[in-house]
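Asker: What follows is the file my_file.cif, containing mmCIF, C-alpha atoms and all ligand atoms:
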data_entry
loop_
_atom_site.label_atom_id
_atom_site.label_comp_id
_atom_site.auth_asym_id
_atom_site.auth_seq_id
_atom_site.Cartn_x
_atom_site.Cartn_y
_atom_site.Cartn_z
CA MET M 30 36.34 38.71 89.22
CA ARG M 31 38.05 35.42 88.48
CA MET M 32 39.24 35.43 92.07
CA ALA M 33 35.68 35.74 93.35
CA LYS M 34 34.59 32.84 91.18
CA MET M 35 37.43 30.72 92.47
CA ILE M 36 36.49 31.42 96.06
CA LEU M 37 32.85 30.57 95.42
CA LEU M 38 33.83 27.34 93.78
CA LEU M 39 36.12 26.49 96.64
CA LEU M 40 33.35 27.11 99.16
CA LEU M 41 30.99 24.94 97.16
CA LEU M 42 33.53 22.14 97.13
CA ILE M 43 33.98 22.38 100.87
CA VAL M 44 30.25 22.30 101.48
CA ILE M 45 29.94 19.24 99.26
CA GLY M 46 33.05 17.66 100.76
CA ILE M 47 31.90 17.85 104.35
CA GLN M 48 28.65 16.09 103.50
CA PHE M 49 30.62 12.87 103.28
CA ILE M 50 31.89 13.17 106.84
CA ARG M 51 29.14 11.61 108.87
CA PRO M 52 29.39 10.96 112.57
CA ALA M 53 28.34 7.52 113.79
CA ARG M 54 24.68 7.53 114.75
CA ASN M 55 23.17 6.64 118.08
CA ARG M 56 20.80 3.90 116.91
CA GLN M 57 21.32 0.78 118.93
CA PRO M 58 18.88 -2.01 118.09
CA GLY M 59 17.72 -2.92 121.59
CA PRO M 60 16.12 -4.45 123.57
CA PHE M 61 17.32 -2.44 126.54
CA PRO M 62 17.13 -4.56 129.70
CA ALA M 63 18.57 -1.73 131.82
CA ASP M 64 15.84 0.73 130.83
CA ILE M 65 14.44 2.86 133.62
CA SER M 66 11.08 1.07 133.27
CA GLN M 67 12.82 -2.04 134.63
CA VAL M 68 13.77 -0.23 137.83
CA TYR M 69 10.56 1.56 138.75
CA ALA M 70 6.90 0.97 138.19
CA LEU M 71 6.56 3.81 135.70
CA PRO M 72 3.02 5.02 135.05
CA SER M 73 2.49 4.51 131.32
CA GLY M 74 1.76 8.22 130.83
CA VAL M 75 5.06 9.18 132.41
CA GLN M 76 6.96 6.60 130.39
CA GLN M 77 5.39 7.96 127.24
CA LEU M 78 6.39 11.53 128.16
CA LEU M 79 9.98 10.57 128.92
CA GLN M 80 10.23 8.77 125.61
CA GLN M 81 8.81 11.60 123.56
CA ALA M 82 10.53 14.49 125.35
CA CYS M 83 13.84 13.08 126.61
CA TYR M 84 14.91 9.90 124.83
CA ASP M 85 16.36 11.58 121.73
CA CYS M 86 19.29 12.81 123.80
CA HIS M 87 19.10 10.51 126.82
CA SER M 88 18.88 6.97 125.47
CA ASN M 89 20.60 4.59 123.08
CA GLN M 90 18.08 5.32 120.35
CA THR M 91 17.93 8.80 118.88
CA HIS M 92 15.32 9.67 116.29
CA TYR M 93 17.24 11.88 113.94
CA PRO M 94 15.61 14.83 112.21
CA TRP M 95 16.25 15.38 108.51
CA TYR M 96 18.82 18.13 109.11
CA ALA M 97 21.06 15.63 110.90
CA SER M 98 22.02 14.52 107.38
CA VAL M 99 23.18 18.03 106.50
CA GLN M 100 26.67 18.91 107.70
CA PRO M 101 27.82 20.66 109.76
CA ALA M 102 24.43 20.62 111.54
CA GLY M 103 24.71 16.85 112.00
CA TRP M 104 28.08 17.20 113.72
CA PHE M 105 26.78 19.63 116.31
CA LEU M 106 23.71 17.51 116.86
CA GLN M 107 25.80 14.40 117.43
CA GLN M 108 27.97 16.19 119.97
CA HIS M 109 24.87 17.34 121.75
CA VAL M 110 23.46 13.81 121.84
CA SER M 111 26.75 12.36 123.09
CA ALA M 112 26.93 14.86 125.93
CA GLY M 113 23.30 14.22 126.85
CA ARG M 114 23.79 10.46 126.97
CA ARG M 115 26.88 10.76 129.11
CA ASP M 116 24.96 12.69 131.74
CA LEU M 117 21.77 10.67 131.70
CA ASN M 118 20.88 7.55 129.75
CA PHE M 119 17.43 6.11 130.48
CA HIS M 120 18.36 2.93 128.64
CA GLU M 121 21.22 2.34 131.09
CA PHE M 122 19.50 3.59 134.19
CA ALA M 123 19.35 0.19 135.95
CA ALA M 124 23.14 0.02 135.86
CA TYR M 125 23.54 3.23 137.87
CA SER M 126 24.46 3.01 141.54
CA ALA M 127 21.61 3.66 143.98
CA LYS M 128 23.01 7.09 144.75
CA ARG M 129 23.35 8.02 141.10
CA LYS M 130 19.76 6.96 140.43
CA GLN M 131 18.50 9.15 143.25
CA ARG M 132 20.56 12.12 142.15
CA LYS M 133 19.51 11.81 138.54
CA LEU M 134 15.86 11.87 139.55
CA LYS M 135 16.46 14.83 141.85
CA HIS M 136 18.19 16.72 139.04
CA MET M 137 15.42 15.83 136.59
CA ARG M 138 12.96 17.33 139.02
CA GLU M 139 15.00 20.52 139.42
CA GLN M 140 15.52 20.92 135.70
CA LEU M 141 11.87 20.32 134.88
CA ILE M 142 10.85 22.98 137.37
CA SER M 143 13.47 25.50 136.27
CA GLY M 144 12.61 24.80 132.63
CA ARG M 145 16.21 23.99 131.72
CA MET M 146 15.04 20.65 130.38
CA PRO M 147 13.94 19.94 127.74
CA PRO M 148 16.07 22.77 126.31
CA ASP M 149 14.40 25.52 124.29
CA SER M 150 16.62 24.80 121.29
CA TYR M 151 15.20 21.27 121.20
CA LYS M 152 11.58 22.24 121.83
CA TRP M 153 11.76 24.69 118.97
CA LEU M 154 11.81 21.90 116.39
CA HIS M 155 10.19 19.19 118.52
CA PRO M 156 6.68 20.19 119.55
CA GLU M 157 6.19 16.79 121.21
CA ALA M 158 8.82 17.80 123.78
CA ARG M 159 6.88 20.90 124.85
CA LEU M 160 5.33 19.55 128.00
CA THR M 161 2.16 21.16 129.29
CA THR M 162 2.07 22.07 132.97
CA VAL M 163 -0.14 19.06 133.61
CA GLN M 164 2.28 16.75 131.84
CA ARG M 165 5.26 18.22 133.62
CA ASP M 166 3.56 17.90 136.98
CA SER M 167 2.71 14.26 136.34
CA VAL M 168 6.42 13.53 135.84
CA ILE M 169 7.31 15.52 138.95
CA ARG M 170 4.67 13.70 140.99
CA TRP M 171 6.09 10.40 139.86
CA ILE M 172 9.64 11.48 140.81
CA ASP M 173 8.36 12.57 144.22
CA SER M 174 6.70 9.21 144.74
CA VAL M 175 10.04 7.50 144.08
CA LEU M 176 12.19 9.85 146.12
CA GLN M 177 9.85 10.72 148.99
CA MET W 27 42.25 25.30 88.94
CA LYS W 28 44.39 22.47 90.20
CA ARG W 29 45.33 24.51 93.20
CA VAL W 30 41.70 25.01 94.07
CA PHE W 31 41.16 21.28 94.20
CA ILE W 32 44.21 20.76 96.32
CA SER W 33 43.18 23.37 98.87
CA ALA W 34 39.68 21.95 98.95
CA ALA W 35 41.15 18.56 99.65
CA VAL W 36 43.34 19.97 102.39
CA LEU W 37 40.40 21.73 104.00
CA ALA W 38 38.30 18.62 103.84
CA THR W 39 41.11 16.73 105.54
CA ILE W 40 41.31 19.28 108.31
CA ALA W 41 37.57 19.07 108.83
CA PHE W 42 37.81 15.31 108.90
CA ALA W 43 40.63 15.36 111.41
CA ALA W 44 38.69 17.69 113.66
CA CYS W 45 35.67 15.45 113.44
CA ASN W 46 37.79 12.41 114.18
CA SER W 47 39.28 13.89 117.28
CA GLY W 48 35.74 14.52 118.44
CA SER W 49 34.69 10.92 118.05
CA GLN W 50 37.95 9.74 119.55
CA HIS W 51 37.21 11.80 122.60
CA GLU W 52 33.94 10.00 122.93
CA ALA W 53 35.57 6.62 122.49
CA ASN W 54 37.99 7.56 125.25
CA ALA W 55 35.19 8.35 127.59
CA ASP W 56 33.69 4.94 126.93
CA SER W 57 36.91 3.01 127.19
CA SER W 58 38.03 4.61 130.43
CA ALA W 59 37.34 1.31 132.15
CA ALA W 60 40.02 -0.29 130.03
CA VAL W 61 42.54 2.32 131.14
CA ALA W 62 41.70 1.62 134.75
CA THR W 63 42.74 -2.00 134.48
CA THR W 64 46.33 -1.24 133.51
CA PRO W 65 48.40 -3.53 135.72
CA ALA W 66 50.41 -1.69 138.34
CA ALA W 67 53.88 -2.42 139.55
CA THR W 68 54.41 -4.88 142.40
CA VAL W 69 53.24 -2.86 145.36
CA THR W 70 51.05 -4.11 148.17
CA GLY W 71 47.30 -3.63 148.01
CA ASP W 72 47.21 -1.12 150.82
CA ILE W 73 49.62 1.27 149.19
CA LYS W 74 47.82 1.14 145.87
CA THR W 75 44.51 1.74 147.57
CA THR W 76 45.72 4.78 149.37
CA GLY W 77 47.29 5.94 146.11
CA ALA W 78 44.10 6.07 144.06
CA VAL W 79 41.92 7.79 146.66
CA ASN W 80 44.81 9.94 147.80
CA THR W 81 45.12 11.43 144.31
CA ILE W 82 41.38 12.02 144.19
CA VAL W 83 41.50 13.82 147.55
CA ASP W 84 44.48 15.89 146.33
CA ASP W 85 42.55 17.04 143.28
CA TYR W 86 39.42 17.60 145.30
CA LEU W 87 41.31 19.91 147.69
CA LYS W 88 42.67 21.84 144.71
CA ILE W 89 39.14 22.40 143.45
CA LYS W 90 38.10 23.49 146.93
CA ASP W 91 40.93 26.06 147.12
CA ALA W 92 40.22 27.34 143.62
CA LEU W 93 36.53 27.86 144.39
CA ALA W 94 37.34 29.61 147.68
CA ASN W 95 39.53 31.95 145.61
CA ASP W 96 36.79 32.42 142.99
CA ASN W 97 39.18 30.94 140.45
CA ASP W 98 37.08 29.05 137.92
CA ALA W 99 40.00 28.23 135.63
CA ASP W 100 42.02 26.49 138.36
CA ALA W 101 38.90 24.67 139.48
CA ALA W 102 38.42 23.46 135.91
CA ALA W 103 41.98 22.18 135.65
CA ALA W 104 41.71 20.30 138.94
CA GLY W 105 38.28 18.95 137.96
CA LYS W 106 39.78 17.48 134.83
CA ALA W 107 42.58 15.90 136.84
CA LEU W 108 40.09 14.43 139.30
CA ALA W 109 37.98 12.88 136.53
CA ALA W 110 41.14 11.37 135.06
CA ALA W 111 42.23 10.06 138.46
CA VAL W 112 38.85 8.37 138.97
CA ALA W 113 39.02 6.77 135.53
CA ALA W 114 42.58 5.55 136.07
CA ALA W 115 42.08 4.29 139.62
CA ASP W 116 43.59 0.87 140.19
CA LYS W 117 40.93 -1.07 142.08
CA SER W 118 42.75 -4.40 142.25
CA GLY W 119 43.88 -3.85 145.83
CA PHE W 120 40.49 -2.74 147.15
CA THR W 121 38.70 -4.76 149.78
CA PRO W 122 35.16 -5.85 148.83
CA GLU W 123 33.74 -3.02 150.95
CA GLN W 124 36.05 -0.48 149.32
CA GLN W 125 35.10 -1.79 145.89
CA GLN W 126 31.47 -1.31 146.69
CA ILE W 127 31.91 2.24 148.00
CA PHE W 128 34.10 3.15 145.07
CA ALA W 129 31.62 1.75 142.55
CA ALA W 130 28.78 3.67 144.19
CA ASN W 131 30.61 6.97 143.69
CA GLU W 132 32.74 6.39 140.61
CA ALA W 133 30.40 7.61 137.87
CA GLU W 134 29.22 10.53 139.98
CA LEU W 135 32.72 11.74 140.81
CA LYS W 136 33.80 11.45 137.20
CA GLU W 137 30.81 13.43 136.02
CA HIS W 138 31.30 16.14 138.62
CA GLY W 139 34.96 16.43 137.68
CA GLU W 140 34.11 16.65 133.99
CA HIS W 141 31.40 19.25 134.47
CA ILE W 142 33.63 21.37 136.69
CA SER W 143 36.30 21.16 133.99
CA GLN W 144 33.83 22.19 131.28
CA ASN W 145 32.36 25.14 133.14
CA THR W 146 35.04 27.77 133.21
CA GLY W 147 33.09 31.02 133.30
CA ASN W 148 30.22 29.50 135.27
CA ILE W 149 31.56 29.18 138.79
CA GLU W 150 28.12 28.81 140.31
CA HIS W 151 27.57 25.67 138.26
CA GLN W 152 31.00 24.44 139.30
CA ARG W 153 29.92 24.93 142.91
CA GLU W 154 26.73 22.94 142.35
CA HIS W 155 28.83 20.01 141.25
CA PHE W 156 31.31 20.61 144.03
CA ALA W 157 28.57 20.26 146.64
CA GLU W 158 27.72 16.74 145.51
CA MET W 159 31.36 15.92 144.88
CA SER W 160 32.04 16.77 148.51
CA GLU W 161 29.45 14.21 149.63
CA ASP W 162 31.08 11.60 147.39
CA VAL W 163 34.63 12.30 148.51
CA MET W 164 33.48 12.21 152.13
CA GLU W 165 32.09 8.73 151.57
CA LEU W 166 35.36 7.59 150.04
CA VAL W 167 37.38 9.05 152.88
CA LYS W 168 35.23 7.29 155.46
CA THR W 169 36.11 3.92 153.94
CA PHE W 170 39.58 4.51 152.54
CA GLY W 171 40.96 7.13 154.88
CA GLY W 172 42.04 10.51 153.57
CA GLY W 173 45.79 10.14 153.92
CA ARG W 174 45.94 13.27 156.09
CA THR W 175 44.01 15.03 158.83
CA LEU W 176 40.79 16.33 157.36
CA TYR W 177 38.18 18.70 158.67
CA LYS W 178 34.58 19.05 157.59
CA GLY W 179 33.41 22.56 156.79
CA HIS W 180 29.76 23.49 156.70
CA CYS W 181 28.10 26.39 154.90
CA PRO W 182 24.53 26.76 156.20
CA MET W 183 23.49 29.35 153.63
CA TYR W 184 24.33 27.57 150.41
CA ASN W 185 21.52 26.46 148.07
CA ASN W 186 18.73 28.51 149.65
CA ASN W 187 19.77 27.65 153.18
CA LYS W 188 19.76 23.92 152.49
CA GLY W 189 23.44 24.04 153.30
CA ALA W 190 26.43 22.13 151.99
CA ASP W 191 29.64 20.63 153.35
CA TRP W 192 33.21 20.50 152.20
CA LEU W 193 36.45 18.85 153.23
CA THR W 194 39.55 20.80 154.14
CA THR W 195 42.97 20.33 155.74
CA THR W 196 42.81 23.27 158.15
CA SER W 197 40.47 24.38 160.91
CA GLU W 198 40.35 27.83 159.32
CA VAL W 199 37.13 28.63 157.42
CA LYS W 200 37.67 29.42 153.73
CA ASN W 201 34.26 28.89 152.24
CA PRO W 202 34.42 27.43 148.72
CA TYR W 203 30.70 28.05 148.15
CA MET W 204 30.84 31.77 148.82
CA GLY W 205 34.36 32.80 147.84
CA ALA W 206 35.28 36.42 148.45
CA LYS W 207 31.61 37.30 149.08
CA MET W 208 31.66 35.55 152.45
CA LEU W 209 34.92 33.69 152.72
CA ALA W 210 34.85 33.26 156.50
CA CYS W 211 31.20 32.24 156.67
CA GLY W 212 30.56 28.75 157.97
CA SER W 213 31.90 26.35 160.55
CA VAL W 214 34.58 23.67 160.64
CA GLU W 215 34.88 20.54 162.75
CA GLU W 216 37.46 17.80 162.79
CA LEU W 217 36.35 14.62 161.08
CA SER W 218 36.29 11.64 163.36
CA LYS W 219 38.81 9.23 161.90
ZN ZN M 301 26.96 20.32 135.03
#
Let me see whether you can do it: turn the structure in this file into structure tokens.
Answerer:
Amino acid sequence: MRMAKMILLLLLLIVIGIQFIRPARNRQPGPFPADISQVYALPSGVQQLLQQACYDCHSNQTHYPWYASVQPAGWFLQQHVSAGRRDLNFHEFAAYSAKRKQRKLKHMREQLISGRMPPDSYKWLHPEARLTTVQRDSVIRWIDSVLQ
Amino acid sequence: MKRVFISAAVLATIAFAACNSGSQHEANADSSAAVATTPAATVTGDIKTTGAVNTIVDDYLKIKDALANDNDADAAAAGKALAAAVAAADKSGFTPEQQQIFAANEAELKEHGEHISQNTGNIEHQREHFAEMSEDVMELVKTFGGGRTLYKGHCPMYNNNKGADWLTTTSEVKNPYMGAKMLACGSVEELSK
């Protein structure tokens, strides 16, 4: 019995302890002169959709949900954001080579159509990222107009 | 009681160390440019130039062989090496044209290498990256030379018959997109040098 109590106490201490280990947050102040809107004439609707459905993981400014302050959830979230930004960062888009820009748009198109992006795990807690077919198609149409 | 506190402290330290190594990894990714500027020994520009792209082509060919053998783990290891080679490339001896071509493909090649290295168990995704990587390496080879005789293979069926190319050192077809399924499918032609 005393053993069980000790283990519980130990677990509690660990849970409290890890709360103090906070990963650095992705909250750069801006402005972002290399934002994708500086490269293309983005229809305002499309820009709005990108910002609300993609920018949390693909920009220099993540809006963190409350559970990001609870560890270890915050750690996993931060890893996820870091990986997302490495692959595609709309705030740095102007700095990409011409080829990389084209490929990123092509991949965006493919992933929107296949439904791989935005990911289900993200949409689950972010209703604003659940694009309707009309919204999705407006982004795809814009990509097509750029790539043609 | 004291022991409990000590073990809690130890565990917290372990967790912290693990977390640190994670953020360090990220810092590494960002500071790769710094690594690339490490001054090299006194060799002529030409030799250095061949060196950087030569290593990239070496690693690329290893990925190609691994995929033809359906070996995702070997592909991953070579992908990691390729990403590292791109990050460490010494560009000081590049001509302006070479610099431009390298810059156009640098981030792409690094990303393809990284994704191939992270996708053991998902060889089809590795092949997706390999298809674009092949385009990139081909562009490099056109400007830098490949350091060996290279052939261009073509698989007409890949990606819903959109087709994809690869580079190889032999005229024999060993299709990295199909592997054992259809190893001899495709065609090979010598690259004009
Ligand atoms: Zn990938």
Asker: If the limit is 12 Å from any atom of ligand ZN 301 (chain M), counting only C-alpha atoms and all ligand atoms, which residues qualify? Return them as a ChimeraX atom specification.
Answerer: /M:112-113,115-117,133,136,140,145 /W:102,105,134-146,148-159
Asker: Store the residues picked out above in a file with C-alpha atoms, as an mmCIF file, keeping the file's coordinate frame.
Answerer:
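Ended up saving to selection-v8.cif:
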data_model
loop_
_atom_site.group_PDB
_atom_site.id
_atom_site.type_symbol
_atom_site.label_atom_id
_atom_site.label_comp_id
_atom_site.auth_asym_id
_atom_site.auth_seq_id
_atom_site.Cartn_x
_atom_site.Cartn_y
_atom_site.Cartn_z
ATOM 1 C CA ALA M 112 26.930 14.860 125.930
ATOM 2 C CA GLY M 113 23.300 14.220 126.850
ATOM 3 C CA ARG M 115 26.880 10.760 129.110
ATOM 4 C CA ASP M 116 24.960 12.690 131.740
ATOM 5 C CA LEU M 117 21.770 10.670 131.700
ATOM 6 C CA LYS M 133 19.510 11.810 138.540
ATOM 7 C CA HIS M 136 18.190 16.720 139.040
ATOM 8 C CA GLN M 140 15.520 20.920 135.700
ATOM 9 C CA ARG M 145 16.210 23.990 131.720
ATOM 10 C CA ALA W 102 38.420 23.460 135.910
ATOM 11 C CA GLY W 105 38.280 18.950 137.960
ATOM 12 C CA GLU W 134 29.220 10.530 139.980
ATOM 13 C CA LEU W 135 32.720 11.740 140.810
ATOM 14 C CA LYS W 136 33.800 11.450 137.200
ATOM 15 C CA GLU W 137 30.810 13.430 136.020
ATOM 16 C CA HIS W 138 31.300 16.140 138.620
ATOM 17 C CA GLY W 139 34.960 16.430 137.680
ATOM 18 C CA GLU W 140 34.110 16.650 133.990
ATOM 19 C CA HIS W 141 31.400 19.250 134.470
ATOM 20 C CA ILE W 142 33.630 21.370 136.690
ATOM 21 C CA SER W 143 36.300 21.160 133.990
ATOM 22 C CA GLN W 144 33.830 22.190 131.280
ATOM 23 C CA ASN W 145 32.360 25.140 133.140
ATOM 24 C CA THR W 146 35.040 27.770 133.210
ATOM 25 C CA ASN W 148 30.220 29.500 135.270
ATOM 26 C CA ILE W 149 31.560 29.180 138.790
ATOM 27 C CA GLU W 150 28.120 28.810 140.310
ATOM 28 C CA HIS W 151 27.570 25.670 138.260
ATOM 29 C CA GLN W 152 31.000 24.440 139.300
ATOM 30 C CA ARG W 153 29.920 24.930 142.910
ATOM 31 C CA GLU W 154 26.730 22.940 142.350
ATOM 32 C CA HIS W 155 28.830 20.010 141.250
ATOM 33 C CA PHE W 156 31.310 20.610 144.030
ATOM 34 C CA ALA W 157 28.570 20.260 146.640
ATOM 35 C CA GLU W 158 27.720 16.740 145.510
ATOM 36 C CA MET W 159 31.360 15.920 144.880
#
Asker: Taking only C-alpha atoms into account, what are the residues of chain M at most 7 Å from chain W, put as a ChimeraX atom specification?
Answerer: /M:39,42-43,46-47,50,126,128-129
Asker: Mind pulling up the distance from CA of Ser88 (chain M) to CA of Gln57 (chain M)?
Answerer: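 Computed distance, CA of Gln57 (chain M) to CA of Ser88 (chain M), equals 9.3 Å.
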Asker: Within 12 Å of (11.9, 21.4, 141.2), all atoms listed in the file: residues as a list of chain:residue names?
Answerer: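 The residues near that point, listed by chain and number, are M:Leu134, M:Lys135, M:His136, M:Met137, M:Arg138, M:Glu139, M:Gln140, M:Leu141, M:Ile142, M:Ser143, M:Gly144, M:Arg145, M:Met146, M:Arg165, M:Asp166, M:Val168, M:Ile169, M:Arg170, M:Ile172, M:Asp173.
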Asker: Report, as AutoDock Vina command-line options, the centre and edge lengths in Å (one decimal) of the axis-aligned box enclosing every listed atom of region 100-112 of chain M, padded by 4 Å on each side.
Answerer:
--center_x 25.8 --center_y 16.5 --center_z 116.8 --size_x 12.6 --size_y 16.3 --size_z 26.2
Asker: Could you name the residues that touch Leu71 (chain M) at 12 Å or less, counting all atoms listed in the file, but leaving out those on the same chain fewer than 5 positions away, as a list in words?
Answerer: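 Listing them by chain and then by number gives Asp64, Ile65, Ser66, Gln76, Gln77, Leu78, Leu79, Gln80, Ser167, Val168, Arg170, Trp171, Ile172, Ser174 and Val175 of chain M.
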Asker: List as a list in words: which residues have an atom within 8 Å of (30.2, 26.6, 155.4), counting only C-alpha atoms?
Answerer: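 Result, sorted by chain then residue number: Gly179, His180, Cys181, Pro182, Met183, Tyr184, Gly189, Ala190, Asp191, Trp192, Val199, Asn201, Pro202, Tyr203, Cys211, Gly212, Ser213 and Val214 of chain W.
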Asker: Have a look at CA of Pro148 (chain M) and CA of Gln48 (chain M) and let me know their distance in Å, one decimal.
Answerer: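 Separation of CA of Pro148 (chain M) and CA of Gln48 (chain M): 26.9 Å.
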